[in-house]
file coords-v7.pdb (PDB, C-alpha atoms)
ATOM      1  CA  MET A   1      19.859  -1.222  42.414
ATOM      2  CA  ALA A   2      16.283  -0.097  43.025
ATOM      3  CA  ASN A   3      13.338  -2.270  42.032
ATOM      4  CA  ALA A   4      11.092  -1.086  39.224
ATOM      5  CA  ILE A   5       8.421  -3.675  40.068
ATOM      6  CA  GLU A   6       7.550  -5.118  43.482
ATOM      7  CA  VAL A   7       4.859  -7.746  44.028
ATOM      8  CA  GLU A   8       3.982  -9.082  47.471
ATOM      9  CA  ASN A   9       1.586 -11.949  48.225
ATOM     10  CA  LEU A  10      -0.621 -11.179  45.233
ATOM     11  CA  VAL A  11      -3.892 -13.114  45.152
ATOM     12  CA  LEU A  12      -6.707 -13.035  42.613
ATOM     13  CA  GLU A  13      -9.786 -15.187  43.028
ATOM     14  CA  TYR A  14     -12.683 -15.732  40.650
ATOM     15  CA  GLY A  15     -15.323 -17.234  42.918
ATOM     16  CA  LYS A  16     -13.902 -20.637  43.833
ATOM     17  CA  ASN A  17     -11.137 -20.394  41.247
ATOM     18  CA  VAL A  18      -7.730 -19.032  42.272
ATOM     19  CA  ALA A  19      -5.934 -17.366  39.365
ATOM     20  CA  LEU A  20      -3.015 -16.143  41.496
ATOM     21  CA  ASP A  21      -2.159 -17.758  44.801
ATOM     22  CA  GLY A  22       0.044 -15.376  46.785
ATOM     23  CA  ILE A  23       2.903 -14.719  44.360
ATOM     24  CA  SER A  24       5.813 -12.403  45.253
ATOM     25  CA  PHE A  25       8.710 -11.150  43.134
ATOM     26  CA  GLN A  26      10.804  -8.081  42.305
ATOM     27  CA  VAL A  27      12.258  -6.731  39.069
ATOM     28  CA  PRO A  28      15.329  -4.453  39.348
ATOM     29  CA  GLU A  29      15.418  -1.348  37.176
ATOM     30  CA  GLY A  30      16.853  -1.898  33.704
ATOM     31  CA  SER A  31      16.474  -5.681  33.799
ATOM     32  CA  VAL A  32      14.205  -8.304  32.232
ATOM     33  CA  LEU A  33      12.081 -10.706  34.253
ATOM     34  CA  GLY A  34      10.800 -13.677  32.284
ATOM     35  CA  VAL A  35       7.513 -15.102  33.541
ATOM     36  CA  LEU A  36       7.365 -18.632  32.221
ATOM     37  CA  GLY A  37       4.353 -20.914  32.266
ATOM     38  CA  PRO A  38       1.709 -22.754  30.253
ATOM     39  CA  ASN A  39      -1.678 -21.421  29.244
ATOM     40  CA  GLY A  40      -3.773 -20.822  32.325
ATOM     41  CA  ALA A  41      -0.821 -20.500  34.707
ATOM     42  CA  GLY A  42      -1.651 -16.902  35.655
ATOM     43  CA  LYS A  43       0.877 -15.005  33.539
ATOM     44  CA  THR A  44      -1.592 -12.729  31.802
ATOM     45  CA  THR A  45      -3.522 -12.223  35.033
ATOM     46  CA  ALA A  46      -0.386 -10.936  36.755
ATOM     47  CA  VAL A  47       0.336  -8.568  33.857
ATOM     48  CA  ARG A  48      -3.207  -7.208  33.892
ATOM     49  CA  ILE A  49      -2.981  -6.434  37.594
ATOM     50  CA  LEU A  50       0.379  -4.690  37.200
ATOM     51  CA  ALA A  51      -0.970  -2.740  34.213
ATOM     52  CA  THR A  52      -3.977  -1.597  36.341
ATOM     53  CA  LEU A  53      -6.493  -3.508  34.181
ATOM     54  CA  LEU A  54      -7.487  -5.915  36.969
ATOM     55  CA  ARG A  55      -7.751  -5.472  40.716
ATOM     56  CA  ALA A  56      -6.209  -8.099  42.967
ATOM     57  CA  THR A  57      -8.211  -9.775  45.704
ATOM     58  CA  SER A  58      -5.359  -9.169  48.134
ATOM     59  CA  GLY A  59      -1.651  -8.398  48.253
ATOM     60  CA  THR A  60       0.195  -5.415  46.815
ATOM     61  CA  ALA A  61       1.856  -4.529  43.541
ATOM     62  CA  ARG A  62       3.978  -1.424  42.977
ATOM     63  CA  VAL A  63       5.602   0.071  39.889
ATOM     64  CA  HIS A  64       8.422   2.461  40.786
ATOM     65  CA  GLY A  65       7.038   2.542  44.288
ATOM     66  CA  ILE A  66       3.507   3.493  43.229
ATOM     67  CA  ASP A  67       0.699   1.166  44.308
ATOM     68  CA  VAL A  68      -1.150  -0.007  41.179
ATOM     69  CA  ALA A  69      -4.476  -0.278  43.029
ATOM     70  CA  LYS A  70      -4.324   3.020  44.910
ATOM     71  CA  LYS A  71      -2.881   5.244  42.173
ATOM     72  CA  PRO A  72      -3.574   3.559  38.826
ATOM     73  CA  ASN A  73      -3.491   6.784  36.804
ATOM     74  CA  GLU A  74       0.026   7.576  38.026
ATOM     75  CA  VAL A  75       1.187   4.056  37.186
ATOM     76  CA  ARG A  76      -0.211   4.301  33.658
ATOM     77  CA  LYS A  77       1.974   7.326  32.946
ATOM     78  CA  SER A  78       5.148   5.261  33.303
ATOM     79  CA  ILE A  79       4.220   1.914  31.722
ATOM     80  CA  GLY A  80       3.691   0.402  28.297
ATOM     81  CA  LEU A  81       1.700  -2.769  27.574
ATOM     82  CA  THR A  82       1.662  -5.157  24.641
ATOM     83  CA  GLY A  83      -0.936  -7.911  24.915
ATOM     84  CA  GLN A  84      -0.993 -11.350  23.335
ATOM     85  CA  PHE A  85      -2.741 -10.036  20.222
ATOM     86  CA  ALA A  86      -1.696  -6.958  18.274
ATOM     87  CA  ALA A  87      -4.058  -4.121  19.204
ATOM     88  CA  VAL A  88      -3.872  -2.041  16.044
ATOM     89  CA  ASP A  89      -6.560  -0.456  13.884
ATOM     90  CA  GLU A  90      -6.485  -2.392  10.631
ATOM     91  CA  TYR A  91      -7.970   0.479   8.627
ATOM     92  CA  LEU A  92      -5.402   3.053   9.683
ATOM     93  CA  THR A  93      -1.878   3.217   8.317
ATOM     94  CA  GLY A  94       1.061   2.373  10.532
ATOM     95  CA  TYR A  95       1.830   6.071  10.886
ATOM     96  CA  GLU A  96      -1.806   6.925  11.698
ATOM     97  CA  ASN A  97      -1.958   4.178  14.318
ATOM     98  CA  LEU A  98       1.037   5.580  16.175
ATOM     99  CA  GLU A  99      -0.112   9.178  15.828
ATOM    100  CA  MET A 100      -3.522   8.237  17.228
ATOM    101  CA  VAL A 101      -1.998   6.468  20.237
ATOM    102  CA  GLY A 102       0.252   9.455  20.852
ATOM    103  CA  ARG A 103      -2.729  11.802  20.851
ATOM    104  CA  LEU A 104      -4.662   9.498  23.178
ATOM    105  CA  PHE A 105      -1.631   9.501  25.458
ATOM    106  CA  GLY A 106      -1.868  13.264  25.656
ATOM    107  CA  LEU A 107       0.890  14.341  23.285
ATOM    108  CA  LYS A 108       0.469  17.478  21.194
ATOM    109  CA  LYS A 109      -0.237  16.829  17.519
ATOM    110  CA  SER A 110       3.254  17.827  16.389
ATOM    111  CA  GLU A 111       4.884  15.746  19.118
ATOM    112  CA  ALA A 112       2.693  12.722  18.341
ATOM    113  CA  ARG A 113       3.680  12.929  14.669
ATOM    114  CA  GLN A 114       7.355  13.275  15.491
ATOM    115  CA  ARG A 115       7.226  10.329  17.898
ATOM    116  CA  ALA A 116       5.357   8.199  15.326
ATOM    117  CA  GLY A 117       8.090   8.838  12.777
ATOM    118  CA  GLU A 118      10.827   7.993  15.277
ATOM    119  CA  LEU A 119       9.224   4.683  16.232
ATOM    120  CA  LEU A 120       8.478   3.648  12.655
ATOM    121  CA  SER A 121      12.153   4.133  11.879
ATOM    122  CA  ARG A 122      13.318   2.337  15.024
ATOM    123  CA  PHE A 123      11.136  -0.684  14.338
ATOM    124  CA  ASP A 124      12.048  -0.843  10.647
ATOM    125  CA  LEU A 125       8.548   0.075   9.486
ATOM    126  CA  GLU A 126       9.310   3.371   7.743
ATOM    127  CA  TYR A 127       8.876   1.734   4.334
ATOM    128  CA  ALA A 128       5.333   0.686   5.300
ATOM    129  CA  ARG A 129       4.256   3.860   7.101
ATOM    130  CA  ASP A 130       1.478   4.622   4.584
ATOM    131  CA  ARG A 131       0.148   1.069   4.288
ATOM    132  CA  THR A 132      -2.963   0.148   6.236
ATOM    133  CA  ALA A 133      -2.257  -2.212   9.132
ATOM    134  CA  LYS A 134      -4.386  -4.936   7.526
ATOM    135  CA  GLN A 135      -1.698  -5.149   4.835
ATOM    136  CA  TYR A 136       0.984  -5.835   7.469
ATOM    137  CA  SER A 137       2.355  -9.299   8.157
ATOM    138  CA  GLY A 138       2.050 -10.798  11.632
ATOM    139  CA  GLY A 139       5.583  -9.765  12.512
ATOM    140  CA  MET A 140       5.016  -6.217  11.267
ATOM    141  CA  ARG A 141       1.821  -5.875  13.303
ATOM    142  CA  ARG A 142       3.631  -7.100  16.379
ATOM    143  CA  ARG A 143       6.367  -4.510  15.892
ATOM    144  CA  LEU A 144       3.771  -1.801  15.347
ATOM    145  CA  ASP A 145       1.967  -2.884  18.510
ATOM    146  CA  ILE A 146       5.153  -2.708  20.591
ATOM    147  CA  ALA A 147       5.989   0.647  19.006
ATOM    148  CA  ALA A 148       2.584   1.931  20.135
ATOM    149  CA  SER A 149       3.286   0.783  23.697
ATOM    150  CA  LEU A 150       6.473   2.913  23.658
ATOM    151  CA  ILE A 151       4.870   6.118  22.424
ATOM    152  CA  GLY A 152       5.058   7.729  25.871
ATOM    153  CA  ARG A 153       8.656   6.621  26.559
ATOM    154  CA  PRO A 154       7.624   4.296  29.419
ATOM    155  CA  LYS A 155      10.142   3.262  32.050
ATOM    156  CA  VAL A 156       8.477  -0.154  32.444
ATOM    157  CA  VAL A 157       7.101  -2.299  29.608
ATOM    158  CA  PHE A 158       4.915  -5.390  29.965
ATOM    159  CA  LEU A 159       5.199  -7.786  27.028
ATOM    160  CA  ASP A 160       2.624 -10.578  27.190
ATOM    161  CA  GLU A 161       3.831 -13.410  24.927
ATOM    162  CA  PRO A 162       5.027 -10.959  22.243
ATOM    163  CA  THR A 163       6.338 -13.613  19.836
ATOM    164  CA  THR A 164       3.584 -16.227  19.995
ATOM    165  CA  GLY A 165       2.543 -17.156  16.464
ATOM    166  CA  LEU A 166       5.514 -15.501  14.768
ATOM    167  CA  ASP A 167       7.784 -17.309  12.335
ATOM    168  CA  PRO A 168      11.393 -17.906  13.472
ATOM    169  CA  ARG A 169      12.792 -14.947  11.523
ATOM    170  CA  SER A 170      10.230 -12.512  12.929
ATOM    171  CA  ARG A 171      10.793 -13.928  16.410
ATOM    172  CA  ASN A 172      14.541 -13.311  16.199
ATOM    173  CA  THR A 173      13.927  -9.777  14.964
ATOM    174  CA  MET A 174      11.581  -9.155  17.877
ATOM    175  CA  TRP A 175      14.185 -10.458  20.324
ATOM    176  CA  ASP A 176      16.669  -7.938  18.934
ATOM    177  CA  PHE A 177      14.189  -5.101  19.442
ATOM    178  CA  ILE A 178      13.541  -6.177  23.027
ATOM    179  CA  SER A 179      17.274  -6.351  23.735
ATOM    180  CA  ASP A 180      17.649  -2.799  22.410
ATOM    181  CA  LEU A 181      14.955  -1.570  24.780
ATOM    182  CA  VAL A 182      16.843  -2.983  27.742
ATOM    183  CA  LYS A 183      20.089  -1.386  26.569
ATOM    184  CA  ASP A 184      18.255   1.947  26.687
ATOM    185  CA  GLY A 185      17.419   1.345  30.354
ATOM    186  CA  THR A 186      13.850   0.063  30.031
ATOM    187  CA  THR A 187      12.628  -2.466  32.586
ATOM    188  CA  ILE A 188      10.706  -5.342  31.003
ATOM    189  CA  LEU A 189       8.394  -8.007  32.350
ATOM    190  CA  LEU A 190       8.108 -10.645  29.638
ATOM    191  CA  THR A 191       5.629 -13.515  29.743
ATOM    192  CA  THR A 192       6.362 -16.437  27.476
ATOM    193  CA  GLN A 193       5.810 -20.124  26.862
ATOM    194  CA  TYR A 194       9.250 -20.467  25.298
ATOM    195  CA  LEU A 195      12.215 -21.339  27.497
ATOM    196  CA  GLU A 196      14.467 -20.371  24.597
ATOM    197  CA  GLU A 197      12.984 -16.866  24.596
ATOM    198  CA  ALA A 198      13.459 -16.471  28.340
ATOM    199  CA  ASP A 199      16.955 -17.917  28.018
ATOM    200  CA  ARG A 200      17.970 -15.275  25.512
ATOM    201  CA  LEU A 201      16.249 -12.225  27.008
ATOM    202  CA  ALA A 202      15.659 -12.647  30.735
ATOM    203  CA  ASP A 203      18.080 -11.767  33.515
ATOM    204  CA  SER A 204      15.943 -13.867  35.861
ATOM    205  CA  ILE A 205      12.898 -16.110  35.497
ATOM    206  CA  ILE A 206       9.930 -17.135  37.585
ATOM    207  CA  VAL A 207       7.934 -20.209  36.642
ATOM    208  CA  LEU A 208       4.190 -20.079  37.255
ATOM    209  CA  ASP A 209       1.890 -23.078  37.418
ATOM    210  CA  LYS A 210      -1.750 -22.912  38.529
ATOM    211  CA  GLY A 211      -1.277 -19.449  39.950
ATOM    212  CA  SER A 212       1.779 -20.224  42.081
ATOM    213  CA  ILE A 213       5.503 -19.666  41.618
ATOM    214  CA  ILE A 214       7.010 -23.140  41.508
ATOM    215  CA  ALA A 215      10.581 -22.177  40.610
ATOM    216  CA  GLU A 216      12.742 -19.134  40.079
ATOM    217  CA  GLY A 217      16.280 -18.397  38.980
ATOM    218  CA  THR A 218      18.232 -17.937  35.789
ATOM    219  CA  ALA A 219      17.574 -19.948  32.641
ATOM    220  CA  ASP A 220      20.668 -22.055  33.305
ATOM    221  CA  GLN A 221      19.513 -22.825  36.841
ATOM    222  CA  LEU A 222      16.116 -23.964  35.582
ATOM    223  CA  LYS A 223      17.599 -26.112  32.845
ATOM    224  CA  ALA A 224      19.944 -27.680  35.359
ATOM    225  CA  GLN A 225      16.879 -29.002  37.193
ATOM    226  CA  VAL A 226      15.928 -31.055  34.147
ATOM    227  CA  GLY A 227      19.420 -32.212  33.315
ATOM    228  CA  GLY A 228      20.546 -29.539  30.900
ATOM    229  CA  GLU A 229      20.340 -31.793  27.829
ATOM    230  CA  ARG A 230      18.142 -34.669  26.784
ATOM    231  CA  LEU A 231      18.706 -37.710  24.596
ATOM    232  CA  GLU A 232      15.724 -38.926  22.590
ATOM    233  CA  PHE A 233      15.279 -41.945  20.331
ATOM    234  CA  VAL A 234      12.278 -43.158  18.355
ATOM    235  CA  LEU A 235      12.319 -46.949  18.324
ATOM    236  CA  THR A 236      11.571 -48.871  15.150
ATOM    237  CA  ASP A 237      10.042 -51.724  17.151
ATOM    238  CA  ALA A 238       8.084 -51.113  20.370
ATOM    239  CA  SER A 239       9.183 -54.519  21.667
ATOM    240  CA  ASP A 240      12.690 -53.052  22.151
ATOM    241  CA  ARG A 241      11.353 -50.708  24.812
ATOM    242  CA  GLY A 242      12.559 -52.726  27.810
ATOM    243  CA  ARG A 243      16.123 -53.179  26.587
ATOM    244  CA  ALA A 244      16.357 -49.526  25.504
ATOM    245  CA  LEU A 245      15.281 -48.324  28.947
ATOM    246  CA  GLU A 246      17.862 -50.637  30.563
ATOM    247  CA  ILE A 247      20.629 -49.097  28.487
ATOM    248  CA  LEU A 248      19.494 -45.507  29.174
ATOM    249  CA  THR A 249      18.981 -45.912  32.939
ATOM    250  CA  PRO A 250      22.646 -45.860  34.075
ATOM    251  CA  ILE A 251      23.501 -43.024  31.689
ATOM    252  CA  GLY A 252      20.681 -40.650  32.579
ATOM    253  CA  LEU A 253      20.496 -38.113  35.385
ATOM    254  CA  ASP A 254      16.953 -39.295  36.026
ATOM    255  CA  ALA A 255      14.788 -42.252  35.075
ATOM    256  CA  PRO A 256      14.201 -42.527  31.310
ATOM    257  CA  SER A 257      10.731 -41.986  29.874
ATOM    258  CA  TYR A 258       8.789 -43.775  27.164
ATOM    259  CA  ASP A 259       5.868 -42.595  25.038
ATOM    260  CA  GLU A 260       3.792 -45.536  23.797
ATOM    261  CA  GLN A 261       2.130 -43.597  20.973
ATOM    262  CA  THR A 262       5.336 -42.350  19.388
ATOM    263  CA  ARG A 263       7.686 -45.114  20.648
ATOM    264  CA  ARG A 264       9.970 -42.298  21.854
ATOM    265  CA  VAL A 265      12.406 -42.982  24.688
ATOM    266  CA  GLY A 266      14.221 -40.112  26.350
ATOM    267  CA  VAL A 267      16.470 -39.320  29.274
ATOM    268  CA  PRO A 268      18.164 -36.196  30.711
ATOM    269  CA  VAL A 269      21.969 -36.354  30.499
ATOM    270  CA  SER A 270      25.025 -34.272  31.315
ATOM    271  CA  GLY A 271      27.512 -35.725  28.839
ATOM    272  CA  GLY A 272      25.935 -34.408  25.644
ATOM    273  CA  ALA A 273      27.412 -35.858  22.450
ATOM    274  CA  ASP A 274      29.573 -38.336  24.381
ATOM    275  CA  ASP A 275      26.483 -39.877  25.972
ATOM    276  CA  LEU A 276      24.779 -39.961  22.579
ATOM    277  CA  THR A 277      27.707 -41.876  21.066
ATOM    278  CA  THR A 278      27.743 -44.332  23.970
ATOM    279  CA  VAL A 279      24.040 -45.088  23.636
ATOM    280  CA  LEU A 280      24.192 -45.521  19.862
ATOM    281  CA  VAL A 281      27.038 -48.027  20.215
ATOM    282  CA  GLN A 282      25.134 -49.999  22.856
ATOM    283  CA  PHE A 283      21.929 -49.887  20.817
ATOM    284  CA  LYS A 284      23.815 -51.302  17.816
ATOM    285  CA  GLU A 285      25.345 -54.082  19.921
ATOM    286  CA  ALA A 286      21.876 -54.907  21.272
ATOM    287  CA  ASN A 287      20.403 -54.790  17.745
ATOM    288  CA  ILE A 288      17.977 -52.026  18.760
ATOM    289  CA  ARG A 289      16.991 -50.048  15.679
ATOM    290  CA  VAL A 290      15.832 -46.441  15.795
ATOM    291  CA  ILE A 291      13.989 -44.197  13.330
ATOM    292  CA  ASP A 292      15.124 -40.895  14.801
ATOM    293  CA  VAL A 293      17.872 -39.688  17.125
ATOM    294  CA  GLY A 294      18.115 -36.370  18.939
ATOM    295  CA  LEU A 295      20.171 -34.450  21.487
ATOM    296  CA  ARG A 296      18.392 -31.309  22.563
ATOM    297  CA  ARG A 297      18.229 -28.746  25.284
ATOM    298  CA  PRO A 298      15.195 -28.864  27.561
ATOM    299  CA  ASN A 299      12.031 -27.038  26.621
ATOM    300  CA  LEU A 300       9.125 -25.793  28.709
ATOM    301  CA  ASP A 301       7.498 -29.216  28.853
ATOM    302  CA  ASP A 302      10.703 -30.732  30.245
ATOM    303  CA  VAL A 303      10.888 -28.076  32.960
ATOM    304  CA  PHE A 304       7.274 -28.579  33.944
ATOM    305  CA  LEU A 305       7.461 -32.335  33.815
ATOM    306  CA  THR A 306      10.382 -32.228  36.236
ATOM    307  CA  LEU A 307       9.013 -29.522  38.539
ATOM    308  CA  THR A 308       5.348 -30.515  38.702
ATOM    309  CA  GLY A 309       5.077 -34.056  37.381
ATOM    310  CA  HIS A 310       2.954 -32.998  34.394
ATOM    311  CA  ALA A 311       3.501 -31.363  31.028
ATOM    312  CA  THR A 312       2.035 -28.011  30.009
ATOM    313  CA  GLU A 313      -1.690 -27.513  30.462
ATOM    314  CA  ASN A 314      -4.011 -28.018  27.527
ATOM    315  CA  GLU A 315      -5.797 -25.152  25.818
ATOM    316  CA  ALA A 316      -8.863 -25.512  28.030
ATOM    317  CA  ALA A 317      -6.919 -24.160  30.971
ATOM    318  CA  ALA A 318      -6.653 -20.808  29.248
ATOM    319  CA  VAL A 319     -10.413 -20.308  29.529
ATOM    320  CA  GLU A 320     -10.234 -19.745  33.273
ATOM    321  CA  GLU A 321      -7.562 -17.098  32.903
ATOM    322  CA  GLU A 322      -9.579 -15.181  30.348
ATOM    323  CA  LYS A 323     -12.707 -14.979  32.512
TER     324      LYS A 323
END

call {"tool": "encode", "arguments": {"input": "coords-v7.pdb", "output": "structure tokens"}}
result
Amino acid sequence: MANAIEVENLVLEYGKNVALDGISFQVPEGSVLGVLGPNGAGKTTAVRILATLLRATSGTARVHGIDVAKKPNEVRKSIGLTGQFAAVDEYLTGYENLEMVGRLFGLKKSEARQRAGELLSRFDLEYARDRTAKQYSGGMRRRLDIAASLIGRPKVVFLDEPTTGLDPRSRNTMWDFISDLVKDGTTILLTTQYLEEADRLADSIIVLDKGSIIAEGTADQLKAQVGGERLEFVLTDASDRGRALEILTPIGLDAPSYDEQTRRVGVPVSGGADDLTTVLVQFKEANIRVIDVGLRRPNLDDVFLTLTGHATENEAAAVEEEK
């Protein structure tokens, strides 16, 4: 299978700051690559370079074999881009927004109108075609934004955190739309902060941190690095911390953790509900009381804590990426 996207030793420097530090990856045609990472990791920077909006300091990036730096206009003909914030005109209707984008893309008026109608129907927005975009909900705007990125029937689509800020129902709907795109043969590069999103949509994943790829593989392979599942307990009394950690240590796949502010103890496990039952029995025998109990799959913070020794970056890190 040919690669739709090829990136080799891509570097982007802002003065003394390194936004991307020699990353390399490929995305086969008709597949989804999830680019996972916290704010400031370099996800958006990579997308902007591939979408010809930024120029790399060094390295190469190709879309369907076309160098994004040498022939940006050719690349733009075959790609679609949806940024982190819906780029729609609030004072135009949904239909007018899509027609305008179609005309800007170079479609004839009749073709732009036909394509706008098709996309409104596909994204379940036909009922709101004559409403101004400012009357749309967040989920509706997001769907309209993605519809606009598909106006030219692109072979490659870049989705930069498309579900950030959406409610769970809208997020699930968006995931269904993205899955449909892939079924139609579209290649997608998806950036996200949600492991669950990458788990559901991505054929493969790369994890970025501080501009470097620190891990790659499938969602299951990444989760395996943090133990697959995690037991968590909130202690009623902080003085029980020592005994709780002693009980969790032989059960866990790694050393248990403790958060002093929340009195939360946690440990990665492989036995799931069986391990949970074992710990609860031992806690009861030891007279260790808990306020809350949980067995959950790992999230992005778990992956990063295991891979890098720290949790996700704080919001300040995003400032450097936006420069």

call {"tool": "atom_distance", "arguments": {"input": "coords-v7.pdb", "atom1": "atom CA of A:Phe158", "atom2": "atom CA of A:Ala4"}}
result
11.9 Å

call {"tool": "resolve_selection", "arguments": {"input": "coords-v7.pdb", "expression": "the PyMOL selection byres ((chain A and resi 279-286) around 9)", "output": "mmCIF file with C-alpha atoms, keeping the file's coordinate frame"}}
result
data_model
loop_
_atom_site.group_PDB
_atom_site.id
_atom_site.type_symbol
_atom_site.label_atom_id
_atom_site.label_comp_id
_atom_site.auth_asym_id
_atom_site.auth_seq_id
_atom_site.Cartn_x
_atom_site.Cartn_y
_atom_site.Cartn_z
ATOM 1 C CA ARG A 243 16.123 -53.179 26.587
ATOM 2 C CA ALA A 244 16.357 -49.526 25.504
ATOM 3 C CA ILE A 247 20.629 -49.097 28.487
ATOM 4 C CA LEU A 248 19.494 -45.507 29.174
ATOM 5 C CA ILE A 251 23.501 -43.024 31.689
ATOM 6 C CA ASP A 274 29.573 -38.336 24.381
ATOM 7 C CA ASP A 275 26.483 -39.877 25.972
ATOM 8 C CA LEU A 276 24.779 -39.961 22.579
ATOM 9 C CA THR A 277 27.707 -41.876 21.066
ATOM 10 C CA THR A 278 27.743 -44.332 23.970
ATOM 11 C CA ASN A 287 20.403 -54.790 17.745
ATOM 12 C CA ILE A 288 17.977 -52.026 18.760
ATOM 13 C CA ARG A 289 16.991 -50.048 15.679
ATOM 14 C CA VAL A 290 15.832 -46.441 15.795
#

call {"tool": "resolve_selection", "arguments": {"input": "coords-v7.pdb", "expression": "the PyMOL selection byres ((chain A and resi 97-108) around 10)", "output": "PyMOL selection string"}}
result
chain A and resi 76-77+87-96+109-117+119-120+129+132-133+144-145+147-152

call {"tool": "resolve_selection", "arguments": {"input": "coords-v7.pdb", "expression": "the PyMOL selection byres ((chain A and resi 195) around 12)", "output": "PyMOL selection string"}}
result
chain A and resi 34-38+161+190-194+196-202+204-207+218-223+297-304

call {"tool": "closest_residue", "arguments": {"input": "coords-v7.pdb", "among": "A:His64, A:Arg296, A:Lys70, A:Arg153", "to": "A:Phe233", "atoms": "all atoms listed in the file"}}
result
A:Arg296

call {"tool": "atom_distance", "arguments": {"input": "coords-v7.pdb", "atom1": "atom CA of A:Ser239", "atom2": "atom CA of A:Gly266"}}
result
16.0 Å

call {"tool": "closest_residue", "arguments": {"input": "coords-v7.pdb", "among": "A:Tyr14, A:Phe177, A:Phe85, A:Phe25", "to": "A:Asp124", "atoms": "only C-alpha atoms"}}
result
A:Phe177

call {"tool": "closest_residue", "arguments": {"input": "coords-v7.pdb", "among": "A:Gly65, A:Lys210, A:Tyr127, A:Gly165", "to": "A:Asn17", "atoms": "only C-alpha atoms"}}
result
A:Lys210

call {"tool": "residues_near_point", "arguments": {"input": "coords-v7.pdb", "point": "(3.9, 0.4, 45.1)", "cutoff": "10 Å", "atoms": "all atoms listed in the file", "output": "PyMOL selection string"}}
result
chain A and resi 4-8+60-71+75

call {"tool": "atom_distance", "arguments": {"input": "coords-v7.pdb", "atom1": "atom CA of A:Gly294", "atom2": "atom CA of A:Pro168"}}
result
20.4 Å

call {"tool": "closest_residue", "arguments": {"input": "coords-v7.pdb", "among": "A:Asn9, A:Ser257, A:Thr163, A:Gln225", "to": "A:Ala46", "atoms": "all atoms listed in the file"}}
result
A:Asn9

call {"tool": "closest_residue", "arguments": {"input": "coords-v7.pdb", "among": "A:Ile213, A:Ala56, A:Ala273, A:Ala51", "to": "A:Asn73", "atoms": "only C-alpha atoms"}}
result
A:Ala51

call {"tool": "closest_residue", "arguments": {"input": "coords-v7.pdb", "among": "A:Leu189, A:Glu13, A:Gln135, A:Asp167", "to": "A:Asp203", "atoms": "all atoms listed in the file"}}
result
A:Leu189

call {"tool": "residues_around", "arguments": {"input": "coords-v7.pdb", "residues": "A:Ser170", "least_positions_apart": "6", "cutoff": "10 Å", "atoms": "only C-alpha atoms", "output": "list of chain:residue names"}}
result
A:Ser137, A:Gly138, A:Gly139, A:Met140, A:Arg142, A:Arg143, A:Thr163, A:Asp176

call {"tool": "axis_aligned_box", "arguments": {"input": "coords-v7.pdb", "around": "stretch 62-75 of chain A", "padding_each_side": "8 Å", "output": "JSON"}}
result
{"center_x": 2.0, "center_y": 3.1, "center_z": 40.9, "size_x": 28.9, "size_y": 25.0, "size_z": 24.1}
